[in-house]
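**Q** Sending over start21.txt (compact mmCIF, C-alpha atoms).
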# COMPACT_ATOMS: atom_id res chain seq x y z
CA MET A 1 89.66 -107.23 68.57
CA VAL A 2 86.95 -104.57 69.02
CA ALA A 3 89.42 -102.25 70.78
CA ALA A 4 91.94 -102.69 67.96
CA LEU A 5 89.26 -101.98 65.41
CA LEU A 6 88.14 -98.82 67.22
CA MET A 7 91.75 -97.64 67.49
CA GLY A 8 92.31 -98.20 63.78
CA VAL A 9 89.04 -96.55 62.77
CA ALA A 10 89.79 -93.56 65.02
CA THR A 11 93.20 -93.18 63.36
CA VAL A 12 91.83 -93.28 59.82
CA VAL A 13 88.94 -90.96 60.67
CA GLY A 14 91.40 -88.53 62.31
CA VAL A 15 93.67 -88.54 59.27
CA GLY A 16 90.62 -88.17 57.01
CA PHE A 17 89.41 -85.19 59.02
CA ALA A 18 92.85 -83.52 58.82
CA ALA A 19 92.98 -84.07 55.05
CA LEU A 20 89.38 -82.95 54.43
CA GLY A 21 89.06 -80.88 51.24
CA GLN A 22 92.76 -81.09 50.43
CA THR A 23 94.50 -82.82 47.58
CA LEU A 24 97.29 -84.87 49.11
CA SER A 25 100.52 -85.48 47.27
CA VAL A 26 101.27 -89.11 46.35
CA GLY A 27 104.13 -89.27 48.87
CA LEU A 28 101.92 -87.97 51.67
CA GLN A 29 99.15 -90.43 50.77
CA ALA A 30 101.60 -93.32 50.93
CA GLY A 31 103.02 -92.18 54.26
CA LEU A 32 99.64 -91.58 55.88
CA PHE A 33 98.36 -94.94 54.64
CA TRP A 34 101.07 -96.95 56.38
CA VAL A 35 101.05 -94.75 59.48
CA ALA A 36 97.30 -95.36 59.78
CA VAL A 37 97.73 -99.12 59.28
CA LEU A 38 100.60 -99.34 61.76
CA PHE A 39 98.94 -97.13 64.37
CA GLY A 40 95.72 -99.11 64.12
CA MET A 41 97.39 -102.49 64.41
CA PHE A 42 100.25 -101.82 66.78
CA PRO A 43 98.34 -102.19 70.08
CA ALA A 44 96.52 -105.35 68.99
CA LEU A 45 99.40 -107.25 67.43
CA ALA A 46 101.69 -107.01 70.41
CA ARG A 47 99.05 -108.20 72.90
CA GLY A 48 99.21 -111.94 72.17
CA PHE A 49 102.04 -112.79 74.54
CA ILE A 50 101.46 -109.93 76.98
CA VAL A 51 97.98 -111.28 77.73
CA GLU A 52 99.46 -114.74 78.41
CA GLU A 53 101.89 -113.29 80.94
CA GLU A 54 99.34 -110.98 82.54
CA THR A 55 96.77 -113.72 83.07
CA GLY A 56 99.44 -116.21 84.17
CA THR A 57 98.74 -118.81 81.47
CA ALA A 58 102.20 -118.50 79.89
CA ASP A 59 103.60 -121.35 82.01
CA LEU A 60 100.88 -123.73 80.84
CA LEU A 61 101.62 -122.71 77.27
CA ARG A 62 105.37 -123.24 77.74
CA LEU A 63 104.76 -126.79 78.91
CA ALA A 64 102.12 -127.57 76.31
CA ALA A 65 103.93 -126.93 73.06
CA ARG A 66 107.32 -126.39 71.48
CA PRO A 67 108.46 -122.75 71.15
CA VAL A 68 108.41 -122.86 67.35
CA SER A 69 104.77 -124.03 67.36
CA ILE A 70 103.83 -121.32 69.84
CA PHE A 71 105.57 -118.63 67.79
CA TRP A 72 103.90 -119.56 64.51
CA GLY A 73 100.57 -120.18 66.26
CA LYS A 74 100.58 -116.67 67.71
CA TRP A 75 101.83 -115.35 64.38
CA LEU A 76 98.86 -116.95 62.62
CA PHE A 77 96.46 -115.37 65.10
CA HIS A 78 98.08 -111.96 64.60
CA ALA A 79 98.11 -112.39 60.80
CA THR A 80 94.38 -113.17 60.88
CA LEU A 81 93.86 -110.04 62.94
CA TYR A 82 95.90 -108.05 60.39
CA GLY A 83 93.70 -109.40 57.60
CA LEU A 84 90.48 -108.58 59.42
CA LEU A 85 91.59 -105.09 60.41
CA SER A 86 92.82 -104.41 56.86
CA ALA A 87 89.41 -105.41 55.51
CA VAL A 88 87.92 -102.53 57.50
CA LEU A 89 90.72 -99.95 57.49
CA VAL A 90 91.80 -100.05 53.84
CA PRO A 91 88.34 -99.31 52.36
CA LEU A 92 87.78 -96.70 55.08
CA TYR A 93 91.07 -95.02 54.17
CA ALA A 94 90.13 -95.03 50.48
CA LEU A 95 86.76 -93.50 51.35
CA LEU A 96 87.84 -90.85 53.86
CA VAL A 97 91.43 -89.94 53.01
CA ALA A 98 92.35 -90.65 49.40
CA PRO A 99 91.35 -93.18 46.74
CA LEU A 100 93.86 -96.01 46.38
CA GLY A 101 94.55 -96.27 42.69
CA GLY A 102 97.51 -97.38 40.64
CA ALA A 103 99.03 -100.82 40.22
CA TRP A 104 96.77 -103.28 42.09
CA GLY A 105 99.15 -106.20 41.78
CA ALA A 106 101.86 -104.13 43.47
CA TRP A 107 99.40 -103.06 46.18
CA LEU A 108 98.57 -106.67 46.93
CA LEU A 109 102.22 -107.69 47.14
CA LEU A 110 103.03 -104.74 49.39
CA TRP A 111 100.09 -105.56 51.63
CA LEU A 112 101.12 -109.22 51.88
CA GLY A 113 104.84 -108.59 52.39
CA GLY A 114 104.28 -105.62 54.70
CA GLY A 115 101.71 -107.58 56.71
CA PHE A 116 104.07 -110.54 57.08
CA CYS A 117 106.87 -108.31 58.35
CA LEU A 118 104.68 -106.20 60.65
CA THR A 119 103.09 -109.31 62.14
CA THR A 120 106.43 -111.05 62.67
CA VAL A 121 108.16 -108.04 64.24
CA LEU A 122 105.27 -107.32 66.59
CA THR A 123 104.85 -111.01 67.55
CA LEU A 124 108.54 -111.27 68.36
CA CYS A 125 108.74 -107.97 70.24
CA GLY A 126 105.51 -108.79 72.08
CA ALA A 127 107.11 -112.03 73.32
CA LEU A 128 110.25 -110.16 74.39
CA VAL A 129 108.54 -107.43 76.36
CA ALA A 130 105.88 -109.71 77.87
CA GLN A 131 108.45 -110.94 80.37
CA THR A 132 109.46 -107.49 81.56
CA ALA A 133 107.85 -105.00 83.93
CA VAL A 134 108.02 -101.92 81.66
CA ARG A 135 106.10 -103.32 78.71
CA GLY A 136 104.73 -100.21 76.97
CA ALA A 137 107.94 -98.23 76.81
CA LEU A 138 110.09 -101.23 75.95
CA LEU A 139 107.77 -102.36 73.18
CA ALA A 140 108.03 -98.96 71.49
CA GLY A 141 111.81 -98.88 72.00
CA LEU A 142 112.34 -102.38 70.61
CA THR A 143 110.04 -102.16 67.62
CA PHE A 144 111.20 -98.69 66.50
CA PRO A 145 114.54 -99.75 64.96
CA LEU A 146 112.96 -102.86 63.45
CA LEU A 147 109.91 -101.19 61.98
CA LEU A 148 111.34 -97.87 60.78
CA PRO A 149 113.35 -99.27 57.82
CA LEU A 150 110.39 -101.46 56.88
CA LEU A 151 108.02 -98.51 57.04
CA LEU A 152 110.29 -96.41 54.80
CA ILE A 153 110.51 -99.20 52.21
CA LEU A 154 106.74 -99.73 52.30
CA ILE A 155 106.08 -96.01 51.86
CA ALA A 156 108.51 -95.84 48.92
CA GLY A 157 106.83 -98.86 47.33
CA THR A 158 103.32 -97.53 47.90
CA ARG A 159 104.29 -94.19 46.38
CA GLN A 160 105.44 -95.96 43.22
CA ALA A 161 102.32 -98.13 43.17
CA LEU A 162 100.09 -95.05 43.47
CA GLU A 163 101.92 -93.52 40.52
CA GLY A 164 101.11 -96.64 38.49
CA ALA A 165 104.65 -98.04 38.43
CA PHE A 166 105.66 -101.50 39.62
CA PRO A 167 107.81 -101.03 42.77
CA ALA A 168 110.36 -103.75 42.03
CA GLU A 169 113.13 -102.52 44.34
CA PRO A 170 110.92 -101.80 47.38
CA LEU A 171 109.29 -105.21 46.95
CA GLN A 172 112.71 -106.86 46.88
CA GLY A 173 113.48 -105.03 50.13
CA VAL A 174 110.20 -106.07 51.78
CA PHE A 175 110.50 -109.72 50.79
CA GLY A 176 114.19 -109.82 51.73
CA TYR A 177 113.24 -108.44 55.12
CA ALA A 178 110.44 -111.01 55.36
CA LEU A 179 112.86 -113.82 54.52
CA ALA A 180 115.32 -112.70 57.19
CA LEU A 181 112.53 -112.43 59.76
CA SER A 182 111.07 -115.85 58.97
CA ALA A 183 114.49 -117.45 59.31
CA GLY A 184 115.54 -115.63 62.47
CA GLY A 185 112.22 -114.89 64.18
CA ALA A 186 111.43 -118.38 65.47
CA TRP A 187 115.06 -118.92 66.50
CA VAL A 188 115.21 -115.67 68.50
CA PHE A 189 111.83 -116.46 70.00
CA GLU A 190 113.03 -119.85 71.27
CA LYS A 191 115.86 -118.07 73.12
CA VAL A 192 113.60 -115.53 74.81
CA TRP A 193 110.52 -117.67 75.44
CA ARG A 194 112.23 -119.71 78.12
CA GLU A 195 113.77 -117.66 80.90
CA MET B 1 108.85 -149.79 80.54
CA ALA B 2 111.62 -147.19 80.65
CA HIS B 3 113.59 -146.56 83.80
CA TRP B 4 113.66 -142.85 84.56
CA THR B 5 116.22 -140.99 86.62
CA LEU B 6 116.25 -137.37 87.67
CA ALA B 7 119.48 -135.78 88.88
CA CYS B 8 120.23 -132.25 90.10
CA HIS B 9 123.92 -131.37 90.38
CA ARG B 10 125.07 -128.38 92.45
CA LEU B 11 121.79 -126.68 91.64
CA GLY B 12 121.36 -123.05 92.67
CA LYS B 13 118.92 -120.27 91.94
CA ARG B 14 119.30 -116.58 92.65
CA PHE B 15 116.71 -113.83 92.23
CA GLY B 16 118.54 -110.50 92.19
CA GLU B 17 121.01 -110.60 95.06
CA ARG B 18 119.20 -113.30 97.04
CA TRP B 19 120.08 -116.97 96.67
CA VAL B 20 117.00 -119.13 97.17
CA PHE B 21 119.23 -122.21 97.50
CA ARG B 22 122.68 -123.29 96.39
CA GLY B 23 124.57 -126.53 95.89
CA LEU B 24 121.50 -128.75 95.87
CA GLU B 25 122.24 -132.39 94.99
CA LEU B 26 119.43 -134.78 94.23
CA GLU B 27 119.08 -138.13 92.51
CA LEU B 28 115.82 -140.01 92.07
CA GLY B 29 114.74 -143.03 90.06
CA THR B 30 111.46 -144.59 88.91
CA GLY B 31 109.22 -145.29 91.85
CA ALA B 32 110.52 -142.43 94.00
CA ARG B 33 108.07 -140.13 95.74
CA LEU B 34 109.83 -137.09 97.15
CA ILE B 35 108.04 -134.71 99.49
CA VAL B 36 109.56 -131.21 99.37
CA ARG B 37 108.98 -129.23 102.54
CA GLY B 38 110.12 -125.88 103.86
CA ALA B 39 108.95 -122.53 105.14
CA ASN B 40 107.41 -119.94 102.84
CA GLY B 41 110.11 -118.54 100.58
CA SER B 42 112.44 -121.51 101.11
CA GLY B 43 112.30 -122.36 97.39
CA LYS B 44 109.87 -125.28 97.09
CA SER B 45 108.05 -123.83 94.10
CA THR B 46 111.30 -122.55 92.60
CA LEU B 47 112.82 -126.04 92.75
CA LEU B 48 109.81 -127.58 91.01
CA ARG B 49 109.77 -124.84 88.38
CA LEU B 50 113.48 -125.38 87.74
CA ILE B 51 112.94 -129.11 87.27
CA ALA B 52 109.95 -128.46 85.01
CA GLY B 53 112.13 -126.21 82.86
CA LEU B 54 110.04 -123.11 83.55
CA LEU B 55 113.03 -121.40 85.15
CA ALA B 56 116.69 -121.58 84.24
CA PRO B 57 119.14 -122.44 87.05
CA THR B 58 121.65 -119.77 88.05
CA GLU B 59 124.21 -122.52 88.57
CA GLY B 60 124.32 -126.30 88.36
CA ARG B 61 122.35 -128.56 86.04
CA ILE B 62 119.34 -130.85 85.91
CA GLU B 63 119.28 -134.12 83.97
CA LEU B 64 116.38 -136.39 83.20
CA ARG B 65 117.33 -139.77 81.73
CA ALA B 66 115.29 -142.60 80.23
CA ASN B 67 117.14 -145.93 80.42
CA GLY B 68 120.36 -143.99 80.92
CA ARG B 69 119.89 -141.76 77.88
CA PRO B 70 119.41 -138.02 78.47
CA VAL B 71 116.04 -136.53 77.56
CA ALA B 72 116.67 -133.46 75.41
CA ASP B 73 113.44 -131.58 76.01
CA ARG B 74 112.36 -132.16 79.60
CA MET B 75 109.39 -129.81 79.31
CA ARG B 76 107.64 -132.15 76.87
CA VAL B 77 107.52 -135.04 79.31
CA VAL B 78 106.82 -133.46 82.69
CA GLY B 79 103.44 -133.18 84.32
CA TRP B 80 103.26 -129.99 86.36
CA CYS B 81 100.52 -128.86 88.69
CA ALA B 82 100.78 -125.73 90.81
CA ALA B 83 98.03 -124.19 92.88
CA ASP B 84 98.79 -120.75 91.42
CA ALA B 85 98.99 -121.90 87.79
CA ALA B 86 96.41 -120.01 85.78
CA LEU B 87 93.94 -121.69 83.44
CA TYR B 88 92.23 -120.18 80.39
CA ARG B 89 89.04 -118.72 81.81
CA GLU B 90 87.39 -118.66 78.40
CA LEU B 91 87.86 -122.40 77.80
CA THR B 92 85.88 -125.29 79.26
CA GLY B 93 87.50 -128.11 81.21
CA TYR B 94 87.09 -130.43 78.22
CA GLU B 95 88.60 -127.85 75.85
CA HIS B 96 91.60 -127.50 78.16
CA LEU B 97 92.28 -131.21 78.13
CA HIS B 98 91.65 -131.49 74.39
CA TRP B 99 94.08 -128.62 73.68
CA TRP B 100 96.67 -130.12 76.04
CA ALA B 101 96.38 -133.55 74.42
CA GLN B 102 96.66 -132.17 70.90
CA THR B 103 99.65 -129.91 71.56
CA ARG B 104 101.49 -132.70 73.36
CA GLY B 105 100.66 -135.32 70.75
CA LEU B 106 98.60 -137.45 73.14
CA PRO B 107 95.32 -139.27 72.36
CA SER B 108 92.63 -136.61 71.96
CA ASP B 109 89.53 -138.64 71.18
CA ARG B 110 86.43 -137.73 73.14
CA PRO B 111 85.91 -141.02 75.04
CA THR B 112 89.52 -141.01 76.33
CA LEU B 113 89.35 -137.38 77.40
CA MET B 114 85.97 -137.78 79.07
CA ALA B 115 87.17 -140.89 80.90
CA HIS B 116 90.13 -138.92 82.25
CA LEU B 117 87.88 -136.06 83.35
CA GLU B 118 85.53 -138.58 84.96
CA ARG B 119 88.42 -139.89 87.00
CA PHE B 120 88.83 -136.40 88.46
CA GLU B 121 85.04 -136.07 88.93
CA LEU B 122 84.85 -133.30 86.37
CA ALA B 123 82.94 -135.06 83.58
CA HIS B 124 79.56 -133.64 84.64
CA ARG B 125 80.94 -130.07 84.36
CA ALA B 126 83.32 -130.78 81.46
CA HIS B 127 81.59 -128.38 79.09
CA GLU B 128 81.35 -125.43 81.44
CA TRP B 129 83.74 -122.53 81.31
CA VAL B 130 86.59 -122.72 83.80
CA ARG B 131 85.56 -119.29 85.12
CA ALA B 132 82.49 -121.02 86.57
CA TYR B 133 84.57 -123.66 88.37
CA SER B 134 85.19 -123.56 92.11
CA THR B 135 88.76 -123.40 93.48
CA GLY B 136 88.74 -127.14 94.15
CA MET B 137 87.45 -127.95 90.68
CA ARG B 138 90.16 -125.84 89.08
CA GLN B 139 92.72 -127.72 91.12
CA ARG B 140 91.25 -131.03 89.95
CA LEU B 141 91.52 -129.80 86.36
CA ARG B 142 95.18 -128.85 86.91
CA LEU B 143 95.77 -132.36 88.23
CA ALA B 144 93.93 -133.85 85.26
CA LEU B 145 96.18 -131.90 82.87
CA ALA B 146 99.34 -132.78 84.76
CA THR B 147 98.61 -136.50 84.82
CA TYR B 148 97.20 -136.91 81.31
CA GLY B 149 99.32 -139.32 79.30
CA ASN B 150 101.10 -140.68 82.40
CA PRO B 151 104.13 -138.36 82.36
CA PRO B 152 107.28 -140.00 83.72
CA LEU B 153 108.03 -136.99 85.92
CA LEU B 154 105.18 -135.54 87.94
CA LEU B 155 105.75 -132.22 89.73
CA LEU B 156 103.05 -131.18 92.16
CA ASP B 157 103.35 -127.81 93.86
CA GLU B 158 100.93 -127.69 96.78
CA PRO B 159 98.34 -129.72 94.85
CA ASP B 160 96.34 -130.26 98.04
CA ALA B 161 95.33 -126.57 98.09
CA GLY B 162 91.56 -126.23 97.83
CA LEU B 163 90.87 -129.98 97.64
CA ASP B 164 88.09 -131.56 99.70
CA PRO B 165 88.58 -135.00 101.39
CA SER B 166 87.59 -136.87 98.20
CA GLY B 167 90.02 -134.72 96.26
CA LEU B 168 92.78 -135.58 98.70
CA ASN B 169 92.01 -139.30 98.26
CA LEU B 170 92.26 -138.81 94.54
CA LEU B 171 95.60 -137.07 94.95
CA GLN B 172 96.91 -139.97 96.99
CA GLN B 173 95.79 -142.38 94.23
CA VAL B 174 97.58 -140.23 91.65
CA LEU B 175 100.79 -140.45 93.66
CA ASP B 176 100.42 -144.22 94.11
CA GLU B 177 99.99 -144.70 90.37
CA GLN B 178 102.93 -142.43 89.58
CA THR B 179 105.15 -144.69 91.68
CA ARG B 180 104.51 -147.46 89.13
CA CYS B 181 105.42 -145.45 86.02
CA GLY B 182 107.83 -142.73 87.05
CA ILE B 183 108.97 -140.15 89.59
CA ALA B 184 106.87 -137.78 91.69
CA LEU B 185 107.95 -134.62 93.51
CA PHE B 186 105.35 -133.13 95.79
CA ALA B 187 105.77 -129.78 97.57
CA THR B 188 103.58 -129.36 100.60
CA ASN B 189 103.62 -128.26 104.21
CA ARG B 190 100.42 -130.10 105.10
CA ALA B 191 101.16 -132.54 107.93
CA GLU B 192 98.75 -135.28 106.81
CA CYS B 193 100.34 -135.35 103.33
CA ALA B 194 103.88 -135.71 104.68
CA ALA B 195 103.44 -139.48 105.02
CA TRP B 196 102.60 -139.87 101.33
CA GLY B 197 106.23 -139.66 100.27
CA ASP B 198 108.97 -142.19 100.79
CA LEU B 199 111.70 -139.51 100.66
CA ALA B 200 111.72 -136.00 102.04
CA LEU B 201 113.67 -132.88 101.20
CA GLU B 202 113.64 -130.02 103.70
CA LEU B 203 114.53 -126.72 102.06
CA GLY B 204 115.83 -123.77 104.06
CA ALA B 205 116.92 -126.09 106.85
So that I can check it, write out the structure of this file as structure tokens.
**A**
Amino acid sequence: MVAALLMGVATVVGVGFAALGQTLSVGLQAGLFWVAVLFGMFPALARGFIVEEETGTADLLRLAARPVSIFWGKWLFHATLYGLLSAVLVPLYALLVAPLGGAWGAWLLLWLGGGFCLTTVLTLCGALVAQTAVRGALLAGLTFPLLLPLLLILIAGTRQALEGAFPAEPLQGVFGYALALSAGGAWVFEKVWRE
Amino acid sequence: MAHWTLACHRLGKRFGERWVFRGLELELGTGARLIVRGANGSGKSTLLRLIAGLLAPTEGRIELRANGRPVADRMRVVGWCAADAALYRELTGYEHLHWWAQTRGLPSDRPTLMAHLERFELAHRAHEWVRAYSTGMRQRLRLALATYGNPPLLLLDEPDAGLDPSGLNLLQQVLDEQTRCGIALFATNRAECAAWGDLALELGA
């Protein structure tokens, strides 16, 4: 938790330093915001299952509970982490990089939908790579095609929200993505969790 | 009380190019105590992990039946104890058992849990972190987890490792009790434990 927080803070401070004294365009603000959030949370969110495999407790966990319970249990832990890290990183971003104005309702929906999708993708990919030997490289390779479309939609939505408009289409995309993940995530997890 | 049967049909497991064993046939019923023996690398732990559902067989199948009806999710009813199974270092012995009971839908009230820990002589250290436990105490906790709720299929992979004489007596009691409610498979190469089983399987022979 502390390491994740330091990583996130370092990212936001670095972006803030690079943007010091400059007026950022709305598109750049939106992009940097989600890059900072993703970069800060990426290492922490994927650790849940990797730690279980590294410490050897995964077998006990497999026998203790059903895969669907384990998936949503880890998801809940990661979602809590996302909430806690956001509570630090979002105000810090607004303070150091650019003020986050615009449509607050849209912001909240983007944060919720984006957080759900980020948490689900990283929980699932964390479970997949935990059972392999080349975890770091594989995690990046697996999450890239899943996160890139999401990131682009979130950036487009945030840009509209910063301009004061309600990002209806990006929100549809985010929640559609979330729906697909919630339906398929636990099912895919069940297939990979047992050898 | 249900009658349990465990059957392995043409069971085989391969890691990479190496077959650990192939064509293994096994059938056991309630009351059976099978001692699994064999040299290091002969597949004792692999066999127990396959039966527990922690590994998938390369070929063949495993069936657990209750009164002739197949059990769909074997992992929910097995008790598994392995000397190399890791515990959560940041939890206490009591917290381990409480978590185990809750996730498996077993009684999780304090008196029941403490009574079970007492049986394994862990009650006096129940609220200490597992990281402070000795090797033998960790093994007792693994046994306590494996036996909680009287699972019909008990899989013990070298459970005698690290146990003192009183721990070995306890282990023998656990096996005796398992004979009354289900099936026990016990992997060991320790000569004095060989007599504890009524059936023996020699792997790699």
**Q** Between atom CA of Arg89 of chain B and atom CA of Gln139 of chain B, what is the distance, to one decimal in Å?
**A**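 Atom-to-atom, atom CA of Arg89 of chain B to atom CA of Gln139 of chain B, that is 13.5 Å.
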**Q** Under the rule of at most 7 Å, produce a per-residue listing of chain A near chain B: chain, number, name, the closest pair of atoms, and the distance in Å, as CSV, using only C-alpha atoms.
**A**
residue,atom,partner,partner_atom,distance
A:Thr55,CA,B:Ala86,CA,6.9
A:Gly56,CA,B:Ala86,CA,5.1
A:Thr57,CA,B:Ala86,CA,5.0
A:Asp59,CA,B:Leu54,CA,6.9
A:Leu63,CA,B:Met75,CA,5.5
A:Ala64,CA,B:Thr103,CA,5.8
A:Ala65,CA,B:Thr103,CA,5.4
A:Arg194,CA,B:Leu54,CA,6.8
A:Glu195,CA,B:Leu55,CA,5.7
**Q** Work out how far apart atom CA of Gln178 of chain B and atom CA of Leu155 of chain B are and give it in Å to one decimal.
**A**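 Atom CA of Gln178 of chain B sits 10.6 Å away from atom CA of Leu155 of chain B.
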**Q** Give me, please, the distance in Å between atom CA of Thr188 of chain B and atom CA of Val130 of chain B, quoted to one decimal.
**A** 24.8 Å
**Q** So, with all atoms listed in the file as the atoms that count, which of B:Ser166, B:Ser134, B:Thr112, B:Thr5 lies closest to Arg65 of chain B?
**A** B:Thr5
**Q** In file coordinates, which residues lie within 12 Å of (100.5, -90.3, 53.1) using only C-alpha atoms, given as a VMD selection string?
**A** chain A and resid 12 15 to 16 18 to 19 23 to 37 93 to 94 97 to 100 151 to 152 154 to 156 158 to 159 162
**Q** Between B:Gly60, B:Pro107, B:Pro151, B:Gly16, single out the one closest to Glu177 of chain B, counting all atoms listed in the file.
**A** B:Pro151
**Q** List the spatial neighbours of Thr123 of chain A as a list in words - criterion: any atom at most 8 Å away, all atoms listed in the file, same-chain residues fewer than 2 positions off excluded.
**A** Leu45, Ala46, Gly48, Phe49, Phe71, Lys74, Trp75, His78, Thr119, Thr120, Val121, Cys125, Gly126 and Ala127 of chain A
**Q** Please determine, counting all atoms listed in the file, which residue among A:Ala140, A:Ala106, A:Ala58, A:Leu146 has the shortest atom-to-atom distance to Glu163 of chain A.
**A**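 Counting all atoms listed in the file, the residue closest to Glu163 of chain A is A:Ala106.
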